[in-house]
>>> print(open('upload_13.txt').read())   # compact mmCIF, C-alpha atoms
# COMPACT_ATOMS: atom_id res chain seq x y z
CA MET O 1 11.87 44.58 28.38
CA ASN O 2 8.19 43.75 28.71
CA ASN O 3 7.58 44.21 24.98
CA MET O 4 10.46 41.99 23.95
CA SER O 5 9.65 39.74 21.01
CA TYR O 6 9.98 35.94 21.06
CA LYS O 7 12.91 36.32 18.62
CA TYR O 8 14.88 38.20 21.25
CA LYS O 9 13.99 35.66 23.92
CA ILE O 10 15.58 33.03 21.73
CA THR O 11 18.71 35.10 20.94
CA CYS O 12 19.10 35.78 24.66
CA LEU O 13 18.87 32.09 25.41
CA MET O 14 21.33 31.17 22.70
CA SER O 15 23.83 33.69 24.04
CA LEU O 16 23.71 32.10 27.45
CA LEU O 17 23.95 28.64 25.94
CA LEU O 18 27.26 29.76 24.47
CA ILE O 19 28.44 31.24 27.78
CA ASN O 20 27.53 28.11 29.72
CA GLY O 21 28.96 25.72 27.16
CA CYS O 22 25.67 23.90 26.64
CA THR O 23 25.68 23.69 22.85
CA ASN O 24 26.36 19.96 22.83
CA ARG O 25 22.81 19.05 23.91
CA ASP O 26 19.40 19.85 22.55
CA VAL O 27 17.37 22.44 24.42
CA TYR O 28 13.79 23.19 23.47
CA VAL O 29 11.84 26.29 24.41
CA VAL O 30 8.06 26.24 24.29
CA LYS O 31 6.17 29.44 23.54
CA PRO O 32 3.76 29.79 26.50
CA GLU O 33 0.74 30.48 24.29
CA LEU O 34 1.36 27.21 22.36
CA SER O 35 2.28 24.95 25.27
CA GLY O 36 -1.12 23.26 25.28
CA VAL O 37 -1.20 22.43 21.55
CA PRO O 38 -1.06 18.64 20.96
CA GLY O 39 2.18 17.54 19.31
CA TYR O 40 3.89 20.91 19.80
CA LYS O 41 7.42 20.20 21.02
CA GLY O 42 8.85 23.70 20.93
CA VAL O 43 11.78 25.36 19.22
CA ASN O 44 15.09 23.50 19.17
CA VAL O 45 17.31 26.43 20.09
CA SER O 46 20.42 24.24 20.22
CA GLU O 47 20.11 23.47 16.52
CA MET O 48 19.40 27.13 15.82
CA TRP O 49 22.62 28.02 17.63
CA ARG O 50 24.64 25.37 15.78
CA GLN O 51 23.38 26.73 12.46
CA MET O 52 24.29 30.29 13.46
CA ALA O 53 27.68 29.27 14.89
CA ARG O 54 28.67 27.96 11.45
CA ASN O 55 28.24 31.46 10.06
CA ASN O 56 30.73 33.84 11.64
CA ASP O 57 28.98 36.83 10.10
CA ASP O 58 25.92 36.30 12.31
CA GLU O 59 25.72 38.53 15.34
CA ILE O 60 23.67 37.58 18.35
CA GLU O 61 22.01 40.46 20.14
CA LEU O 62 21.51 40.31 23.87
CA PHE O 63 18.43 41.86 25.46
CA GLU O 64 18.71 45.21 27.20
CA PRO O 65 18.55 44.92 31.01
CA LEU O 66 16.72 47.36 33.26
CA LYS O 67 19.29 49.83 34.58
CA LEU O 68 19.30 50.86 38.22
CA GLU O 69 20.34 54.31 39.42
CA LYS O 70 21.10 55.08 43.04
CA GLU O 71 18.20 56.43 45.09
CA LYS O 72 15.70 55.86 42.27
CA THR O 73 12.94 53.27 42.51
CA VAL O 74 12.07 51.36 39.34
CA PHE O 75 9.09 49.05 38.85
CA PHE O 76 8.99 46.05 36.55
CA THR O 77 6.72 43.13 35.71
CA PHE O 78 7.79 39.49 35.77
CA ASP O 79 5.55 37.69 33.28
CA ASN O 80 5.63 35.70 30.03
CA SER O 81 7.47 38.54 28.27
CA VAL O 82 10.57 37.92 30.40
CA PRO O 83 13.43 36.33 28.38
CA TYR O 84 14.54 32.75 28.86
CA MET O 85 17.98 31.71 30.08
CA VAL O 86 19.76 28.44 30.79
CA ASN O 87 20.69 27.51 34.35
CA GLY O 88 22.40 24.13 34.30
CA ASP O 89 19.87 21.74 32.76
CA GLU O 90 16.91 24.05 33.33
CA VAL O 91 15.46 26.63 30.98
CA THR O 92 13.84 29.37 33.03
CA LYS O 93 12.69 32.96 32.79
CA VAL O 94 15.14 35.50 34.16
CA PHE O 95 14.71 39.26 34.50
CA VAL O 96 17.99 41.19 34.52
CA LEU O 97 18.75 44.33 36.51
CA GLU O 98 21.91 46.23 35.59
CA LEU O 99 23.71 47.57 38.64
CA PRO O 100 25.18 51.08 39.05
CA GLU O 101 28.93 51.64 39.07
CA PHE O 102 30.49 50.00 42.11
CA ALA O 103 32.35 52.96 43.71
CA ASP O 104 32.32 52.26 47.46
CA GLY O 105 29.51 49.73 47.38
CA TYR O 106 25.80 49.99 48.03
CA SER O 107 22.71 47.92 48.73
CA VAL O 108 19.71 47.03 46.57
CA GLU O 109 16.29 46.48 48.09
CA ILE O 110 13.69 44.61 46.07
CA PHE O 111 9.97 44.29 46.80
CA SER O 112 7.61 41.79 45.17
CA TYR O 113 4.02 42.89 45.71
CA SER O 114 0.94 40.71 46.11
CA SER O 115 -2.25 41.10 44.10
CA ASP O 116 -5.49 39.23 43.49
CA ASP O 117 -3.47 36.82 41.30
CA GLY O 118 -1.01 35.96 44.08
CA VAL O 119 2.59 37.00 44.55
CA LEU O 120 5.90 36.17 42.88
CA LYS O 121 8.54 34.78 45.25
CA PRO O 122 11.78 35.97 43.63
CA THR O 123 15.26 34.53 43.98
CA PHE O 124 18.34 36.54 43.05
CA VAL O 125 21.91 35.93 41.89
CA LEU O 126 24.66 38.51 41.52
CA ALA O 127 26.46 38.03 38.18
CA ASP O 128 29.44 39.55 36.40
CA GLU O 129 29.46 41.17 32.96
CA GLN O 130 29.55 37.71 31.34
CA PHE O 131 26.45 36.69 33.31
CA LEU O 132 28.50 34.24 35.36
CA PRO O 133 27.26 33.93 38.95
CA LEU O 134 29.26 35.56 41.72
CA SER O 135 26.92 34.72 44.59
CA GLU O 136 24.84 31.86 45.82
CA ASP O 137 21.08 32.10 45.45
CA ILE O 138 19.73 35.02 47.48
CA ASN O 139 16.27 34.31 48.86
CA SER O 140 13.53 36.78 49.63
CA GLN O 141 11.55 36.93 52.87
CA TRP O 142 7.79 37.08 53.28
CA VAL O 143 6.57 40.17 55.15
CA GLU O 144 2.96 40.46 56.31
CA ARG O 145 3.20 44.13 57.15
CA ASN O 146 5.77 46.87 57.54
CA GLY O 147 4.30 50.34 57.84
CA ASP O 148 1.72 50.89 55.14
CA ILE O 149 2.91 48.03 52.92
CA VAL O 150 1.35 44.60 53.46
CA ASN O 151 1.82 41.12 52.02
CA TYR O 152 5.03 41.18 50.01
CA PHE O 153 8.38 39.48 49.55
CA TYR O 154 11.46 41.53 50.41
CA SER O 155 15.19 41.21 49.90
CA ASN O 156 18.07 43.54 50.70
CA ILE O 157 21.20 42.70 48.71
CA ASP O 158 24.59 44.08 49.77
CA VAL O 159 26.91 44.79 46.86
CA ASP O 160 30.14 45.15 48.83
CA GLN O 161 33.85 44.50 48.15
CA ASN O 162 33.15 40.78 47.85
CA PHE O 163 30.98 41.51 44.82
CA LYS O 164 32.73 44.52 43.28
CA LEU O 165 32.77 42.70 39.91
CA ALA O 166 28.97 42.34 39.96
CA LYS O 167 27.33 43.88 36.91
CA TYR O 168 23.84 42.39 37.11
CA ILE O 169 21.22 40.99 39.44
CA LEU O 170 19.46 38.01 37.86
CA VAL O 171 15.86 37.72 39.07
CA TYR O 172 14.04 34.42 38.70
CA SER O 173 11.42 32.28 40.39
CA ASP O 174 12.09 28.76 41.66
CA ILE O 175 9.47 26.47 40.14
CA ASN O 176 9.33 24.55 43.42
CA ASP O 177 8.03 27.65 45.20
CA ILE O 178 5.07 28.17 42.87
CA GLY O 179 1.80 27.21 44.53
CA ASP O 180 3.11 27.56 48.08
CA GLU O 181 0.97 29.74 50.34
CA ASN O 182 1.75 32.61 52.70
CA PHE O 183 -0.38 34.00 55.50
CA ALA O 184 -1.79 37.40 54.65
CA TYR O 185 -1.74 40.18 57.21
CA ASP O 186 -4.48 39.63 59.79
CA ALA O 187 -5.11 42.60 62.10
CA ARG O 188 -7.00 40.50 64.64
CA TYR O 189 -4.27 37.84 64.85
CA ASN O 190 -1.54 40.47 65.23
CA TYR O 191 -3.48 42.35 67.90
CA TYR O 192 -3.73 39.26 70.09
CA LYS O 193 -0.16 38.20 69.32
CA GLU O 194 1.21 41.59 70.39
CA ASN O 195 -0.74 41.27 73.64
CA GLY O 196 0.69 37.82 74.38
CA THR O 197 -2.45 35.82 73.55
CA ASP O 198 -2.28 32.59 71.57
CA TYR O 199 -4.75 33.27 68.77
CA PRO O 200 -5.23 30.88 65.81
CA ARG O 201 -4.32 31.83 62.27
CA ASP O 202 -7.11 32.35 59.76
CA TYR O 203 -6.51 29.81 57.00
CA THR O 204 -8.87 31.67 54.67
CA LEU O 205 -6.32 34.51 54.55
CA LEU O 206 -3.67 32.95 52.32
CA ILE O 207 -1.76 34.32 49.33
CA GLU O 208 -0.39 31.83 46.80
CA ASN O 209 2.99 32.09 45.10
CA SER O 210 2.47 32.83 41.42
CA GLU O 211 4.52 32.70 38.22
CA VAL O 212 3.99 36.41 37.61
CA GLY O 213 4.28 39.54 39.68
CA VAL O 214 5.05 43.23 39.99
CA LEU O 215 8.33 44.20 41.66
CA SER O 216 10.31 47.29 42.49
CA ALA O 217 14.04 47.79 43.00
CA ARG O 218 16.13 50.59 44.47
CA ALA O 219 19.87 50.97 44.91
CA TYR O 220 20.96 53.09 47.84
>>> encode(input="upload_13.txt", output="structure tokens")
Amino acid sequence: MNNMSYKYKITCLMSLLLINGCTNRDVYVVKPELSGVPGYKGVNVSEMWRQMARNNDDEIELFEPLKLEKEKTVFFTFDNSVPYMVNGDEVTKVFVLELPEFADGYSVEIFSYSSDDGVLKPTFVLADEQFLPLSEDINSQWVERNGDIVNYFYSNIDVDQNFKLAKYILVYSDINDIGDENFAYDARYNYYKENGTDYPRDYTLLIENSEVGVLSARAY
């Protein structure tokens, strides 16, 4: 997934344009490394799709999602190598996790870890095999510390009978969340808080929401 070429980002996007019925408008995708070049508008993927749609012999390949297995933790990176998809009128980056067989249901816990570059605040949607959403947006919660892990976003997603048709978890980041700040774990503040003392937060201990991040997922 992380080594996916720009060609496959575009074919992924065009596939979802077809699914969402968005081929009647022009959508442009800008390669991140060229976004600052004067006069560079981007690639008109709508026109690319219209050209390909006129040739029934063309086959569009969809990217390969990261498969989850029960009781196994997988790590992945959300960065500029993540493929683009269409969500309404927005073109955004979406990482796709493929769920295990439904059976009697299970849960998926996802961590997004902080680093010196900040932390990705992920949002999730359960989708069927056609990538159509089955759930509302599922938000993640900021956790300052739980055991030995500090400063991360966490979500626990129940895949129960209501979502037995779910095939994928779509992972994306809301652009409106980027730049927001979260308080980092502060041992002094938590010591006084646990002892019932009103102690001020340290505003130098902040972690900013970033566009990139390292995450882990586990179905159990």
>>> atom_distance(input="upload_13.txt", atom1="CA of Val143 in chain O", atom2="CA of Asn162 in chain O")
27.6 Å
>>> residues_around(input="upload_13.txt", residues="range 163-179 of chain O", least_positions_apart="5", cutoff="6 Å", atoms="all atoms listed in the file", output="short mmCIF file (atom, residue, chain, number, x, y, z; two decimals) with C-alpha atoms, keeping the file's coordinate frame")
data_model
loop_
_atom_site.label_atom_id
_atom_site.label_comp_id
_atom_site.auth_asym_id
_atom_site.auth_seq_id
_atom_site.Cartn_x
_atom_site.Cartn_y
_atom_site.Cartn_z
CA VAL O 94 15.14 35.50 34.16
CA PHE O 95 14.71 39.26 34.50
CA VAL O 96 17.99 41.19 34.52
CA LEU O 97 18.75 44.33 36.51
CA GLU O 98 21.91 46.23 35.59
CA LEU O 99 23.71 47.57 38.64
CA PRO O 122 11.78 35.97 43.63
CA THR O 123 15.26 34.53 43.98
CA PHE O 124 18.34 36.54 43.05
CA VAL O 125 21.91 35.93 41.89
CA LEU O 126 24.66 38.51 41.52
CA ALA O 127 26.46 38.03 38.18
CA ASP O 128 29.44 39.55 36.40
CA GLU O 129 29.46 41.17 32.96
CA GLU O 208 -0.39 31.83 46.80
CA ASN O 209 2.99 32.09 45.10
CA SER O 210 2.47 32.83 41.42
#
>>> atom_distance(input="upload_13.txt", atom1="CA of Trp142 in chain O", atom2="CA of Ser115 in chain O")
14.2 Å
>>> closest_residue(input="upload_13.txt", among="O:Ser81, O:Ile207, O:Phe153, O:Gly147", to="Lys93 in chain O", atoms="all atoms listed in the file")
O:Ser81
>>> residues_near_point(input="upload_13.txt", point="(-6.9, 38.9, 53.8)", cutoff="7 Å", atoms="all atoms listed in the file", output="PyMOL selection string")
chain O and resi 184-186+205-206
>>> write_last_selection(input="upload_13.txt", atoms="C-alpha atoms", output="mmCIF file, in the frame of the given file")
data_model
loop_
_atom_site.group_PDB
_atom_site.id
_atom_site.type_symbol
_atom_site.label_atom_id
_atom_site.label_comp_id
_atom_site.auth_asym_id
_atom_site.auth_seq_id
_atom_site.Cartn_x
_atom_site.Cartn_y
_atom_site.Cartn_z
ATOM 1 C CA ALA O 184 -1.790 37.400 54.650
ATOM 2 C CA TYR O 185 -1.740 40.180 57.210
ATOM 3 C CA ASP O 186 -4.480 39.630 59.790
ATOM 4 C CA LEU O 205 -6.320 34.510 54.550
ATOM 5 C CA LEU O 206 -3.670 32.950 52.320
#
>>> atom_distance(input="upload_13.txt", atom1="CA of Asn182 in chain O", atom2="CA of Val82 in chain O")
24.6 Å
>>> residues_around(input="upload_13.txt", residues="Gln161 in chain O", least_positions_apart="4", cutoff="12 Å", atoms="only C-alpha atoms", output="list in words")
Phe102, Ala103, Asp104, Gly105, Tyr106, Ser107, Leu134, Leu165 and Ala166 of chain O
>>> write_last_selection(input="upload_13.txt", atoms="C-alpha atoms", output="mmCIF file, in the coordinates of the input")
data_model
loop_
_atom_site.group_PDB
_atom_site.id
_atom_site.type_symbol
_atom_site.label_atom_id
_atom_site.label_comp_id
_atom_site.auth_asym_id
_atom_site.auth_seq_id
_atom_site.Cartn_x
_atom_site.Cartn_y
_atom_site.Cartn_z
ATOM 1 C CA PHE O 102 30.490 50.000 42.110
ATOM 2 C CA ALA O 103 32.350 52.960 43.710
ATOM 3 C CA ASP O 104 32.320 52.260 47.460
ATOM 4 C CA GLY O 105 29.510 49.730 47.380
ATOM 5 C CA TYR O 106 25.800 49.990 48.030
ATOM 6 C CA SER O 107 22.710 47.920 48.730
ATOM 7 C CA LEU O 134 29.260 35.560 41.720
ATOM 8 C CA LEU O 165 32.770 42.700 39.910
ATOM 9 C CA ALA O 166 28.970 42.340 39.960
#
>>> residues_around(input="upload_13.txt", residues="Phe75 in chain O", least_positions_apart="4", cutoff="10 Å", atoms="all atoms listed in the file", output="ChimeraX atom specification")
/O:66,110-112,214-218
>>> closest_residue(input="upload_13.txt", among="O:Val108, O:Ser114, O:Val159, O:Asp180", to="Arg145 in chain O", atoms="all atoms listed in the file")
O:Ser114
>>> build_atoms(input="upload_13.txt", residues="range 152-163 of chain O", atoms="all heavy atoms", output="mmCIF file, in the coordinates of the input")
data_model
loop_
_atom_site.group_PDB
_atom_site.id
_atom_site.type_symbol
_atom_site.label_atom_id
_atom_site.label_comp_id
_atom_site.auth_asym_id
_atom_site.auth_seq_id
_atom_site.Cartn_x
_atom_site.Cartn_y
_atom_site.Cartn_z
ATOM 1 N N TYR O 152 4.055 41.075 51.083
ATOM 2 C CA TYR O 152 5.030 41.180 50.010
ATOM 3 C C TYR O 152 6.285 40.373 50.366
ATOM 4 O O TYR O 152 6.510 40.032 51.533
ATOM 5 C CB TYR O 152 5.417 42.636 49.764
ATOM 6 C CG TYR O 152 6.058 43.328 50.952
ATOM 7 C CD1 TYR O 152 7.441 43.394 51.097
ATOM 8 C CD2 TYR O 152 5.271 43.921 51.938
ATOM 9 C CE1 TYR O 152 8.027 44.024 52.182
ATOM 10 C CE2 TYR O 152 5.844 44.559 53.031
ATOM 11 C CZ TYR O 152 7.223 44.608 53.147
ATOM 12 O OH TYR O 152 7.803 45.225 54.235
ATOM 13 N N PHE O 153 7.061 40.064 49.346
ATOM 14 C CA PHE O 153 8.380 39.480 49.550
ATOM 15 C C PHE O 153 9.417 40.598 49.480
ATOM 16 O O PHE O 153 9.298 41.526 48.674
ATOM 17 C CB PHE O 153 8.693 38.416 48.494
ATOM 18 C CG PHE O 153 8.078 37.078 48.786
ATOM 19 C CD1 PHE O 153 6.957 36.647 48.087
ATOM 20 C CD2 PHE O 153 8.602 36.243 49.763
ATOM 21 C CE1 PHE O 153 6.378 35.414 48.357
ATOM 22 C CE2 PHE O 153 8.037 35.009 50.041
ATOM 23 C CZ PHE O 153 6.918 34.597 49.337
ATOM 24 N N TYR O 154 10.448 40.467 50.320
ATOM 25 C CA TYR O 154 11.460 41.530 50.410
ATOM 26 C C TYR O 154 12.847 40.917 50.460
ATOM 27 O O TYR O 154 13.066 39.868 51.073
ATOM 28 C CB TYR O 154 11.227 42.359 51.674
ATOM 29 C CG TYR O 154 12.262 43.434 51.901
ATOM 30 C CD1 TYR O 154 12.192 44.645 51.219
ATOM 31 C CD2 TYR O 154 13.306 43.240 52.807
ATOM 32 C CE1 TYR O 154 13.147 45.632 51.432
ATOM 33 C CE2 TYR O 154 14.265 44.219 53.020
ATOM 34 C CZ TYR O 154 14.172 45.422 52.328
ATOM 35 O OH TYR O 154 15.118 46.394 52.533
ATOM 36 N N SER O 155 13.783 41.606 49.812
ATOM 37 C CA SER O 155 15.190 41.210 49.900
ATOM 38 C C SER O 155 16.044 42.460 49.884
ATOM 39 O O SER O 155 15.744 43.423 49.160
ATOM 40 C CB SER O 155 15.577 40.289 48.746
ATOM 41 O OG SER O 155 16.910 39.843 48.906
ATOM 42 N N ASN O 156 17.093 42.450 50.690
ATOM 43 C CA ASN O 156 18.070 43.540 50.700
ATOM 44 C C ASN O 156 19.437 42.926 50.375
ATOM 45 O O ASN O 156 19.961 42.116 51.137
ATOM 46 C CB ASN O 156 18.096 44.225 52.062
ATOM 47 C CG ASN O 156 18.853 45.529 52.028
ATOM 48 O OD1 ASN O 156 18.362 46.545 51.552
ATOM 49 N ND2 ASN O 156 20.081 45.504 52.534
ATOM 50 N N ILE O 157 19.980 43.316 49.233
ATOM 51 C CA ILE O 157 21.200 42.700 48.710
ATOM 52 C C ILE O 157 22.367 43.674 48.866
ATOM 53 O O ILE O 157 22.317 44.797 48.337
ATOM 54 C CB ILE O 157 21.016 42.323 47.231
ATOM 55 C CG1 ILE O 157 19.824 41.371 47.074
ATOM 56 C CG2 ILE O 157 22.289 41.706 46.662
ATOM 57 C CD1 ILE O 157 19.425 41.126 45.631
ATOM 58 N N ASP O 158 23.398 43.259 49.588
ATOM 59 C CA ASP O 158 24.590 44.080 49.770
ATOM 60 C C ASP O 158 25.570 43.828 48.632
ATOM 61 O O ASP O 158 26.027 42.697 48.433
ATOM 62 C CB ASP O 158 25.258 43.781 51.108
ATOM 63 C CG ASP O 158 24.432 44.260 52.289
ATOM 64 O OD1 ASP O 158 23.760 45.305 52.159
ATOM 65 O OD2 ASP O 158 24.451 43.583 53.337
ATOM 66 N N VAL O 159 25.891 44.874 47.903
ATOM 67 C CA VAL O 159 26.910 44.790 46.860
ATOM 68 C C VAL O 159 28.169 45.440 47.436
ATOM 69 O O VAL O 159 28.415 46.636 47.287
ATOM 70 C CB VAL O 159 26.454 45.503 45.574
ATOM 71 C CG1 VAL O 159 27.479 45.292 44.448
ATOM 72 C CG2 VAL O 159 25.087 44.992 45.133
ATOM 73 N N ASP O 160 28.960 44.636 48.133
ATOM 74 C CA ASP O 160 30.140 45.150 48.830
ATOM 75 C C ASP O 160 31.419 44.723 48.098
ATOM 76 O O ASP O 160 31.377 44.302 46.933
ATOM 77 C CB ASP O 160 30.148 44.672 50.284
ATOM 78 C CG ASP O 160 30.034 43.152 50.407
ATOM 79 O OD1 ASP O 160 30.379 42.449 49.421
ATOM 80 O OD2 ASP O 160 29.615 42.675 51.470
ATOM 81 N N GLN O 161 32.556 44.822 48.781
ATOM 82 C CA GLN O 161 33.850 44.500 48.150
ATOM 83 C C GLN O 161 33.905 43.064 47.651
ATOM 84 O O GLN O 161 34.622 42.763 46.695
ATOM 85 C CB GLN O 161 34.984 44.744 49.153
ATOM 86 C CG GLN O 161 35.271 46.216 49.417
ATOM 87 C CD GLN O 161 35.897 46.909 48.217
ATOM 88 O OE1 GLN O 161 36.519 46.267 47.361
ATOM 89 N NE2 GLN O 161 35.725 48.213 48.143
ATOM 90 N N ASN O 162 33.160 42.172 48.298
ATOM 91 C CA ASN O 162 33.150 40.780 47.850
ATOM 92 C C ASN O 162 32.508 40.615 46.475
ATOM 93 O O ASN O 162 32.718 39.615 45.797
ATOM 94 C CB ASN O 162 32.409 39.910 48.866
ATOM 95 C CG ASN O 162 33.127 39.822 50.193
ATOM 96 O OD1 ASN O 162 34.354 39.778 50.232
ATOM 97 N ND2 ASN O 162 32.374 39.816 51.283
ATOM 98 N N PHE O 163 31.708 41.605 46.096
ATOM 99 C CA PHE O 163 30.980 41.510 44.820
ATOM 100 C C PHE O 163 31.228 42.745 43.958
ATOM 101 O O PHE O 163 30.347 43.184 43.217
ATOM 102 C CB PHE O 163 29.485 41.334 45.084
ATOM 103 C CG PHE O 163 29.154 40.109 45.884
ATOM 104 C CD1 PHE O 163 28.704 40.226 47.194
ATOM 105 C CD2 PHE O 163 29.318 38.841 45.353
ATOM 106 C CE1 PHE O 163 28.408 39.098 47.945
ATOM 107 C CE2 PHE O 163 29.032 37.714 46.089
ATOM 108 C CZ PHE O 163 28.573 37.838 47.393
#
